[in-house]
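Visitor: Data file my_file09.pdb (PDB, C-alpha atoms) is appended below.
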ATOM      1  CA  MET A  10     -30.280   0.665 -62.386
ATOM      2  CA  LYS A  11     -27.224   2.788 -61.771
ATOM      3  CA  TRP A  12     -27.361   2.059 -58.026
ATOM      4  CA  LEU A  13     -27.333  -1.686 -58.752
ATOM      5  CA  ARG A  14     -24.299  -1.402 -60.996
ATOM      6  CA  ARG A  15     -22.498   0.614 -58.322
ATOM      7  CA  LEU A  16     -23.469  -1.910 -55.640
ATOM      8  CA  PHE A  17     -21.588  -4.611 -57.521
ATOM      9  CA  GLY A  18     -18.609  -2.423 -58.166
ATOM     10  CA  LEU A  19     -19.041  -1.747 -61.860
ATOM     11  CA  ARG A  20     -19.004   2.048 -61.706
ATOM     12  CA  THR A  21     -17.253   4.832 -59.858
ATOM     13  CA  ASP A  22     -19.027   7.656 -58.019
ATOM     14  CA  GLU A  23     -18.872   9.651 -61.263
ATOM     15  CA  GLY A  24     -20.634   6.863 -63.154
ATOM     16  CA  GLU A  25     -17.578   5.827 -65.179
ATOM     17  CA  PRO A  26     -16.834   2.086 -65.338
ATOM     18  CA  ILE A  27     -14.093   0.681 -63.094
ATOM     19  CA  SER A  28     -12.378  -1.487 -65.658
ATOM     20  CA  GLY A  29     -12.060  -5.156 -64.790
ATOM     21  CA  ILE A  30     -13.768  -5.181 -61.371
ATOM     22  CA  LYS A  31     -16.166  -8.131 -61.254
ATOM     23  CA  TYR A  32     -18.402  -9.498 -58.549
ATOM     24  CA  LYS A  33     -17.425 -13.054 -57.492
ATOM     25  CA  GLU A  34     -19.345 -14.219 -54.437
ATOM     26  CA  ARG A  35     -20.830 -13.417 -51.059
ATOM     27  CA  GLU A  36     -19.927 -15.578 -48.067
ATOM     28  CA  VAL A  37     -21.176 -15.539 -44.482
ATOM     29  CA  LYS A  38     -18.838 -17.151 -41.970
ATOM     30  CA  ASP A  39     -18.820 -16.973 -38.153
ATOM     31  CA  GLY A  40     -21.138 -13.978 -38.224
ATOM     32  CA  ASN A  41     -18.980 -12.075 -40.726
ATOM     33  CA  THR A  42     -20.118 -11.196 -44.249
ATOM     34  CA  TYR A  43     -17.540 -11.191 -47.045
ATOM     35  CA  GLU A  44     -18.337  -9.660 -50.439
ATOM     36  CA  VAL A  45     -15.634 -10.804 -52.811
ATOM     37  CA  TYR A  46     -14.681  -9.219 -56.155
ATOM     38  CA  THR A  47     -11.866  -9.780 -58.624
ATOM     39  CA  GLY A  48      -9.794  -7.073 -60.259
ATOM     40  CA  PRO A  49      -6.882  -6.729 -62.703
ATOM     41  CA  SER A  50      -4.560  -4.762 -60.419
ATOM     42  CA  ARG A  51      -3.944  -3.348 -56.963
ATOM     43  CA  SER A  52      -4.538   0.201 -58.199
ATOM     44  CA  ARG A  53      -7.956  -0.719 -59.637
ATOM     45  CA  ALA A  54      -8.874  -2.498 -56.416
ATOM     46  CA  LEU A  55      -7.886   0.534 -54.381
ATOM     47  CA  GLU A  56      -9.943   2.816 -56.615
ATOM     48  CA  PHE A  57     -12.967   0.572 -56.196
ATOM     49  CA  LEU A  58     -12.631   0.276 -52.407
ATOM     50  CA  ARG A  59     -12.275   4.026 -52.010
ATOM     51  CA  GLY A  60     -15.656   4.424 -53.651
ATOM     52  CA  THR A  61     -17.352   1.607 -51.715
ATOM     53  CA  GLU A  62     -18.671   2.596 -48.292
ATOM     54  CA  VAL A  63     -18.959  -0.069 -45.594
ATOM     55  CA  LYS A  64     -21.350   1.140 -42.895
ATOM     56  CA  GLU A  65     -22.001  -2.154 -41.136
ATOM     57  CA  GLU A  66     -19.947  -3.926 -38.492
ATOM     58  CA  ARG A  67     -18.524  -7.318 -39.480
ATOM     59  CA  ARG A  68     -19.000  -6.649 -43.196
ATOM     60  CA  TYR A  69     -15.920  -6.917 -45.404
ATOM     61  CA  VAL A  70     -15.507  -6.028 -49.071
ATOM     62  CA  VAL A  71     -12.537  -7.838 -50.605
ATOM     63  CA  VAL A  72     -10.943  -7.503 -54.047
ATOM     64  CA  GLU A  73      -8.683 -10.304 -55.279
ATOM     65  CA  THR A  74      -5.956  -9.235 -57.724
ATOM     66  CA  PRO A  75      -2.769 -10.810 -59.129
ATOM     67  CA  GLU A  76      -0.857  -8.470 -56.797
ATOM     68  CA  GLY A  77      -2.671  -9.631 -53.682
ATOM     69  CA  CYS A  78      -5.984  -9.015 -51.946
ATOM     70  CA  LEU A  79      -7.207  -5.710 -50.551
ATOM     71  CA  GLY A  80     -10.197  -5.253 -48.294
ATOM     72  CA  ARG A  81     -12.357  -2.614 -46.678
ATOM     73  CA  ASP A  82     -14.305  -2.751 -43.440
ATOM     74  CA  LEU A  83     -16.052  -0.264 -41.185
ATOM     75  CA  ILE A  84     -12.772   1.490 -40.361
ATOM     76  CA  MET A  85     -10.199   1.200 -43.104
ATOM     77  CA  ILE A  86      -8.853  -0.140 -46.371
ATOM     78  CA  PHE A  87      -6.324  -2.856 -45.573
ATOM     79  CA  ASP A  88      -3.940  -5.422 -47.052
ATOM     80  CA  GLU A  89      -5.618  -8.768 -46.420
ATOM     81  CA  ALA A  90      -2.292 -10.623 -46.260
ATOM     82  CA  ASN A  91      -1.260  -8.945 -42.994
ATOM     83  CA  SER A  92      -4.379  -6.908 -42.040
ATOM     84  CA  GLU A  93      -2.269  -3.741 -42.036
ATOM     85  CA  ARG A  94      -4.022  -0.463 -42.725
ATOM     86  CA  ILE A  95      -3.413   1.164 -46.106
ATOM     87  CA  GLU A  96      -5.612   4.167 -45.350
ATOM     88  CA  PHE A  97      -8.728   5.066 -43.412
ATOM     89  CA  GLY A  98     -11.957   4.840 -45.399
ATOM     90  CA  ILE A  99     -13.525   8.175 -46.305
ATOM     91  CA  ARG A 100     -16.882   8.741 -44.606
ATOM     92  CA  ASN A 101     -19.293  10.848 -46.609
ATOM     93  CA  PRO A 102     -21.637  13.065 -44.544
ATOM     94  CA  LEU A 103     -25.381  12.524 -44.499
ATOM     95  CA  PRO A 104     -27.539  15.089 -46.341
ATOM     96  CA  GLU A 105     -28.300  16.600 -42.927
ATOM     97  CA  LEU A 106     -27.339  15.966 -39.311
ATOM     98  CA  THR A 107     -29.422  13.064 -37.994
ATOM     99  CA  LYS A 108     -29.619  12.476 -34.228
ATOM    100  CA  SER A 109     -28.780   8.963 -33.087
ATOM    101  CA  LYS A 110     -27.571   7.360 -29.849
ATOM    102  CA  THR A 111     -25.721   4.575 -31.657
ATOM    103  CA  HIS A 112     -24.676   6.000 -35.059
ATOM    104  CA  CYS A 113     -22.694   9.096 -35.935
ATOM    105  CA  THR A 114     -24.936  12.127 -36.240
ATOM    106  CA  ARG A 115     -22.915  13.473 -39.176
ATOM    107  CA  CYS A 116     -22.098  10.397 -41.312
ATOM    108  CA  GLY A 117     -24.431   7.674 -40.048
ATOM    109  CA  TYR A 118     -21.689   5.129 -39.366
ATOM    110  CA  PRO A 119     -22.005   2.954 -36.220
ATOM    111  CA  VAL A 120     -20.096   4.250 -33.202
ATOM    112  CA  VAL A 121     -18.236   1.415 -31.475
ATOM    113  CA  PRO A 122     -17.917   1.566 -27.659
ATOM    114  CA  ALA A 123     -14.357   2.281 -26.556
ATOM    115  CA  GLY A 124     -12.506  -0.210 -24.416
ATOM    116  CA  ARG A 125     -10.846   0.576 -21.096
ATOM    117  CA  TRP A 126      -7.583   1.603 -22.775
ATOM    118  CA  ILE A 127      -8.555   5.262 -22.327
ATOM    119  CA  VAL A 128      -7.859   6.024 -18.677
ATOM    120  CA  SER A 129      -9.687   9.273 -18.091
ATOM    121  CA  PRO A 130     -11.780  11.759 -20.082
ATOM    122  CA  GLU A 131      -9.555  14.520 -18.679
ATOM    123  CA  GLU A 132      -6.446  13.183 -20.450
ATOM    124  CA  PRO A 133      -5.550  14.233 -24.018
ATOM    125  CA  ILE A 134      -7.933  12.464 -26.403
ATOM    126  CA  PRO A 135      -6.072   9.780 -28.447
ATOM    127  CA  LEU A 136      -8.016  10.477 -31.636
ATOM    128  CA  ASP A 137      -5.820   8.349 -33.921
ATOM    129  CA  GLN A 138      -6.180   5.357 -31.617
ATOM    130  CA  MET A 139      -9.919   5.894 -31.448
ATOM    131  CA  ARG A 140     -10.098   5.903 -35.247
ATOM    132  CA  GLU A 141      -8.259   2.582 -35.348
ATOM    133  CA  GLN A 142     -10.878   1.160 -32.969
ATOM    134  CA  GLY A 143     -13.898   2.925 -34.457
ATOM    135  CA  ALA A 144     -14.648   4.379 -31.018
ATOM    136  CA  GLY A 145     -16.353   7.756 -30.786
ATOM    137  CA  PHE A 146     -18.121  10.251 -28.536
ATOM    138  CA  TYR A 147     -21.497  10.683 -26.874
ATOM    139  CA  CYS A 148     -23.328  13.828 -25.815
ATOM    140  CA  SER A 149     -25.613  13.098 -22.864
ATOM    141  CA  THR A 150     -27.226  16.548 -23.221
ATOM    142  CA  CYS A 151     -28.762  16.136 -26.682
ATOM    143  CA  LEU A 152     -28.364  12.321 -26.785
ATOM    144  CA  THR A 153     -26.218  12.087 -29.915
ATOM    145  CA  SER A 154     -23.178  10.055 -30.949
ATOM    146  CA  TRP A 155     -20.256  11.176 -33.093
ATOM    147  CA  CYS A 156     -17.624   9.039 -34.771
ATOM    148  CA  PRO A 157     -13.904   9.927 -34.476
ATOM    149  CA  PHE A 158     -13.707  10.790 -38.191
ATOM    150  CA  CYS A 159     -16.321  13.553 -37.979
ATOM    151  CA  VAL A 160     -14.566  15.540 -35.247
ATOM    152  CA  THR A 161     -11.186  17.236 -35.017
ATOM    153  CA  ALA A 162      -8.647  17.125 -32.212
ATOM    154  CA  ASP A 163      -9.644  20.656 -31.167
ATOM    155  CA  SER A 164     -13.385  19.976 -31.096
ATOM    156  CA  ALA A 165     -13.484  16.288 -30.096
ATOM    157  CA  GLY A 166     -14.784  16.957 -26.583
ATOM    158  CA  THR A 167     -17.541  19.379 -27.616
ATOM    159  CA  CYS A 168     -20.891  18.477 -29.186
ATOM    160  CA  GLN A 169     -21.330  20.112 -32.602
ATOM    161  CA  LEU A 170     -25.085  20.365 -32.080
ATOM    162  CA  CYS A 171     -25.536  21.817 -28.604
ATOM    163  CA  GLY A 172     -22.009  22.777 -27.530
ATOM    164  CA  ALA A 173     -22.075  20.582 -24.411
ATOM    165  CA  HIS A 174     -19.219  18.405 -23.182
ATOM    166  CA  MET A 175     -19.032  14.951 -24.809
ATOM    167  CA  ASP A 176     -17.873  11.741 -23.142
ATOM    168  CA  ILE A 177     -15.905   9.058 -24.908
ATOM    169  CA  TYR A 178     -18.567   6.603 -26.060
ATOM    170  CA  ARG A 179     -18.591   3.455 -23.945
ATOM    171  CA  ASP A 180     -21.181   0.863 -23.039
ATOM    172  CA  TRP A 181     -22.183   2.867 -19.971
ATOM    173  CA  VAL A 182     -23.028   6.181 -21.654
ATOM    174  CA  LEU A 183     -26.453   4.966 -22.712
ATOM    175  CA  THR A 184     -26.903   3.408 -19.280
ATOM    176  CA  MET A 185     -26.209   6.759 -17.643
ATOM    177  CA  SER A 186     -28.490   8.665 -19.988
ATOM    178  CA  SER A 187     -31.433   6.452 -19.003
ATOM    179  CA  GLY A 188     -31.259   7.640 -15.365
ATOM    180  CA  LEU A 189     -30.456   6.040 -12.013
ATOM    181  CA  LEU A 190     -31.306   2.389 -11.501
ATOM    182  CA  PRO A 191     -33.828   2.279  -8.602
ATOM    183  CA  LYS A 192     -31.920  -0.029  -6.261
ATOM    184  CA  CYS A 193     -30.372   0.691  -2.858
ATOM    185  CA  GLY A 194     -26.603   1.123  -3.092
ATOM    186  CA  GLY A 195     -26.214   0.027   0.525
ATOM    187  CA  CYS A 196     -28.130  -3.250   0.787
ATOM    188  CA  GLY A 197     -29.389  -3.901  -2.743
ATOM    189  CA  SER A 198     -33.077  -3.447  -1.950
ATOM    190  CA  ASP A 199     -35.325  -2.535  -4.880
ATOM    191  CA  GLN A 200     -38.279  -1.358  -2.788
ATOM    192  CA  SER A 201     -38.704   1.897  -4.696
ATOM    193  CA  SER A 202     -41.087   3.405  -2.138
ATOM    194  CA  ALA A 203     -38.307   3.366   0.464
ATOM    195  CA  LEU A 204     -35.503   4.706  -1.762
ATOM    196  CA  GLU A 205     -34.179   8.244  -1.767
ATOM    197  CA  VAL A 206     -31.516   9.891  -3.899
ATOM    198  CA  VAL A 207     -28.450  10.892  -1.867
ATOM    199  CA  ARG A 208     -25.047  12.334  -2.783
ATOM    200  CA  ASP A 209     -21.624  11.330  -1.559
ATOM    201  CA  LYS A 210     -18.760  13.746  -0.798
ATOM    202  CA  ASN A 211     -17.735  13.723  -4.476
ATOM    203  CA  ASN A 212     -21.215  14.894  -5.520
ATOM    204  CA  ASN A 213     -22.201  11.535  -7.033
ATOM    205  CA  ARG A 214     -25.845  10.546  -6.853
ATOM    206  CA  GLY A 215     -27.129   7.150  -5.799
ATOM    207  CA  TYR A 216     -30.058   5.499  -4.038
ATOM    208  CA  LEU A 217     -30.162   4.482  -0.384
ATOM    209  CA  CYS A 218     -33.134   3.099   1.485
ATOM    210  CA  SER A 219     -34.123   4.773   4.775
ATOM    211  CA  SER A 220     -32.449   2.042   6.839
ATOM    212  CA  CYS A 221     -29.136   2.365   4.949
ATOM    213  CA  GLN A 222     -29.269   6.151   5.187
ATOM    214  CA  ARG A 223     -29.186   5.797   8.969
ATOM    215  CA  GLU A 224     -26.640   2.981   9.030
ATOM    216  CA  TYR A 225     -24.216   4.541   6.541
ATOM    217  CA  ALA A 226     -24.695   8.241   7.277
ATOM    218  CA  ALA A 227     -20.992   8.596   8.144
ATOM    219  CA  LEU A 228     -20.000   7.431   4.645
ATOM    220  CA  LEU A 229     -21.736  10.465   3.126
ATOM    221  CA  LYS A 230     -20.065  13.063   5.351
ATOM    222  CA  PRO A 231     -17.470  15.485   3.910
ATOM    223  CA  ASP A 232     -14.589  13.744   5.725
ATOM    224  CA  SER A 233     -15.479  10.292   4.320
ATOM    225  CA  ILE A 234     -13.146   8.653   1.795
ATOM    226  CA  ARG A 235     -15.985   6.538   0.362
ATOM    227  CA  ARG A 236     -18.119   7.220  -2.701
ATOM    228  CA  PHE A 237     -20.471   5.576  -5.196
ATOM    229  CA  TRP A 238     -19.187   3.383  -7.992
ATOM    230  CA  MET A 239     -21.272   2.036 -10.863
ATOM    231  CA  CYS A 240     -21.665  -1.076 -12.994
ATOM    232  CA  GLY A 241     -21.371   0.237 -16.536
ATOM    233  CA  ALA A 242     -23.505  -2.590 -17.910
ATOM    234  CA  CYS A 243     -26.686  -2.041 -15.888
ATOM    235  CA  GLY A 244     -26.152   1.259 -14.032
ATOM    236  CA  PHE A 245     -26.383  -0.158 -10.488
ATOM    237  CA  ARG A 246     -24.626   2.308  -8.155
ATOM    238  CA  ILE A 247     -23.070   0.922  -4.968
ATOM    239  CA  LEU A 248     -21.707   2.982  -2.087
ATOM    240  CA  ALA A 249     -18.235   1.811  -1.056
ATOM    241  CA  GLY A 250     -18.030   0.538   2.528
ATOM    242  CA  THR A 251     -21.596  -0.831   2.616
ATOM    243  CA  LYS A 252     -23.007  -4.354   2.719
ATOM    244  CA  ALA A 253     -23.655  -4.296  -1.036
ATOM    245  CA  ASP A 254     -20.052  -3.234  -1.628
ATOM    246  CA  ALA A 255     -18.671  -5.983   0.625
ATOM    247  CA  GLU A 256     -20.419  -8.612  -1.480
ATOM    248  CA  VAL A 257     -18.443  -7.581  -4.567
ATOM    249  CA  ASP A 258     -14.726  -8.189  -5.114
ATOM    250  CA  PRO A 259     -12.534  -7.832  -8.225
ATOM    251  CA  ASP A 260     -13.182 -11.460  -9.218
ATOM    252  CA  SER A 261     -16.965 -11.460  -8.795
ATOM    253  CA  LYS A 262     -20.057 -10.405 -10.721
ATOM    254  CA  CYS A 263     -22.346  -7.414 -10.465
ATOM    255  CA  PRO A 264     -25.167  -8.436  -8.066
ATOM    256  CA  GLN A 265     -27.718  -6.800 -10.373
ATOM    257  CA  CYS A 266     -26.837  -8.038 -13.869
ATOM    258  CA  GLY A 267     -24.082 -10.623 -13.375
ATOM    259  CA  GLU A 268     -21.512  -8.739 -15.473
ATOM    260  CA  ASP A 269     -17.842  -9.254 -14.562
ATOM    261  CA  VAL A 270     -16.928  -6.173 -12.514
ATOM    262  CA  ASN A 271     -13.368  -6.255 -13.874
ATOM    263  CA  SER A 272     -14.771  -5.089 -17.195
ATOM    264  CA  SER A 273     -17.895  -3.200 -16.096
ATOM    265  CA  LEU A 274     -16.655  -1.136 -13.107
ATOM    266  CA  VAL A 275     -16.969   2.633 -13.525
ATOM    267  CA  ASN A 276     -15.835   5.004 -10.778
ATOM    268  CA  LEU A 277     -17.571   8.362 -10.472
ATOM    269  CA  SER A 278     -16.635  11.917  -9.561
ATOM    270  CA  ASP A 279     -19.064  14.861  -9.825
ATOM    271  CA  ASP A 280     -21.540  12.321 -11.208
ATOM    272  CA  ARG A 281     -19.246  11.703 -14.186
ATOM    273  CA  PRO A 282     -17.201   8.583 -14.992
ATOM    274  CA  VAL A 283     -13.532   8.292 -14.094
ATOM    275  CA  GLU A 284     -11.682   5.068 -14.689
ATOM    276  CA  SER A 285      -9.018   4.961 -12.016
ATOM    277  CA  GLY A 286      -9.156   3.735  -8.455
ATOM    278  CA  MET A 287     -11.256   0.744  -7.480
ATOM    279  CA  PHE A 288     -14.695   0.296  -5.922
ATOM    280  CA  GLY A 289     -15.279   3.838  -4.734
ATOM    281  CA  GLU A 290     -11.852   4.292  -3.168
ATOM    282  CA  PRO A 291     -10.012   7.632  -3.449
ATOM    283  CA  VAL A 292      -8.554   8.431  -6.862
ATOM    284  CA  GLU A 293      -4.918   9.466  -6.816
TER     285      GLU A 293
END
What does the file become when written as structure tokens?

Guide:
Amino acid sequence: MKWLRRLFGLRTDEGEPISGIKYKEREVKDGNTYEVYTGPSRSRALEFLRGTEVKEERRYVVVETPEGCLGRDLIMIFDEANSERIEFGIRNPLPELTKSKTHCTRCGYPVVPAGRWIVSPEEPIPLDQMREQGAGFYCSTCLTSWCPFCVTADSAGTCQLCGAHMDIYRDWVLTMSSGLLPKCGGCGSDQSSALEVVRDKNNNRGYLCSSCQREYAALLKPDSIRRFWMCGACGFRILAGTKADAEVDPDSKCPQCGEDVNSSLVNLSDDRPVESGMFGEPVE
């Protein structure tokens, strides 16, 4: 029953009682789960929260004390009065590395997709900011994810399993790892028997049907300024300057999945994501 006593905060990792910590209630509100405890002091609450791992999104462990309330979530231990971080939560490693596309291979915590606040994978990796967000990395070679707490600044861009380059984990990394979406990037046709893989001048792959290959041949030449861009939500790749491209503007939806292109647009170079420029135009 030791695990049960630890679940409700009655013992430390060493098995010694945490004096005064008592379970109060569990509340589910707006999709969030709050596990509430009471404690005699801030120091006791902090001791308890340091030994309580939270490995689920939208789960919060809160300790009420006479000196205020402290909480822990997926990322950190925080002061509930102002939501300010006290310290990052320690993430204990799994008994062995466990491959996962959505959870950290080393600690098993969920890896949250990064927002668009990181401009380019070539820029210095803002590891502290990623830790605040819970965002991590993805290796498309061995199909594993890594959280920002299980890597160092020196090794953040390199997979610890296979040594390959890792991308910052975003919604589109799993989309890219599943392969090209079989849809013409010139007219939007999904007649797979007529589609062929082509490359633009920046070495990005995409599909064009035979008719669009003839019509847009000039857009694939070395002196062309056009290239493929991709919807990060569904993987549809559109060649800039084509009919399919003309049907999309910054205020419209992806013609394949309906996602807002302002949030889903991913530009490509050497078949890798870059997040500057717009709709296949040249990147400065």

Visitor: Using the chain letters and residue numbers of this document, give as a ChimeraX atom specification the residues selected by the PyMOL selection byres ((chain A and resi 136) around 9).

Guide: /A:133-135,137-141,145,157-158,161-162,165

Visitor: For Tyr118 (chain A), which of A:Ser164, A:Ser92, A:Asn213, A:Ser154 is the closest residue, counting all atoms listed in the file?

Guide: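 Checking each of A:Ser164, A:Ser92, A:Asn213, A:Ser154 against Tyr118 (chain A), counting all atoms listed in the file, the winner is A:Ser154.
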
Visitor: Would you please work out which residue, of A:Cys243, A:Cys159, A:Cys148, A:Leu217, is nearest to Ser198 (chain A) when using only C-alpha atoms?

Guide: A:Leu217

Visitor: Using Å and a single decimal, report how far CA of Gln142 (chain A) sits from CA of Gln169 (chain A).

Guide: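 CA of Gln142 (chain A) lies at a distance of 21.6 Å from CA of Gln169 (chain A).
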
Visitor: If you count all atoms listed in the file, which residues fall within 7 Å of Ala123 (chain A), apart from same-chain ones fewer than 5 positions away, as a list in words?

Guide: Ala144, Tyr178 and Arg179 of chain A

Visitor: What's the separation between CA of Lys262 (chain A) and CA of Ser202 (chain A), in Å to one decimal place?

Guide: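 Value for the CA of Lys262 (chain A)-CA of Ser202 (chain A) distance: 26.6 Å.
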
Visitor: Write out as a PyMOL selection string the residues lying within 10 Å of region 93-106 of chain A, counting only C-alpha atoms and excluding same-chain residues fewer than 3 positions away.

Guide: chain A and resi 55+58-64+79-90+109+113-118+140-141+156+158-159+169-170

Visitor: Just how far from CA of Leu229 (chain A) is CA of Arg281 (chain A), in Å to one decimal?

Guide: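 About the pair CA of Arg281 (chain A) and CA of Leu229 (chain A): they are 17.5 Å apart.
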
Visitor: Hey, which of A:Pro119, A:Pro231, A:Gly195, A:Gly166 ends up closest to Gly143 (chain A)? Count all atoms listed in the file.

Guide: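 Among A:Pro119, A:Pro231, A:Gly195, A:Gly166, it is A:Pro119 that comes nearest to Gly143 (chain A).
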
Visitor: Please enumerate the residues selected by the PyMOL selection byres ((chain A and resi 37-48) around 7) when evaluated against the supplied file, formatted as a list in words.

Guide: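 After applying the PyMOL selection byres ((chain A and resi 37-48) around 7), what remains is Gly29, Ile30, Lys31, Tyr32, Lys33, Glu34, Arg35, Glu36, Pro49, Ser50, Arg53, Ala54, Arg67, Arg68, Tyr69, Val70, Val71, Val72, Glu73 and Thr74 of chain A.
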
Visitor: Nearest to Leu190 (chain A): which of A:Ile177, A:Leu204, A:Cys78, A:Ala227 is it, counting all atoms listed in the file?

Guide: A:Leu204

Visitor: Run the PyMOL selection byres ((chain A and resi 255) around 12) on the file and write out the hits as a list in words.

Guide: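 When the PyMOL selection byres ((chain A and resi 255) around 12) is applied to the shown file, the picked residues are Gly194, Gly195, Cys196, Gly197, Ile247, Leu248, Ala249, Gly250, Thr251, Lys252, Ala253, Asp254, Glu256, Val257, Asp258, Pro259, Ser261, Cys263, Pro264, Phe288 and Gly289 of chain A.
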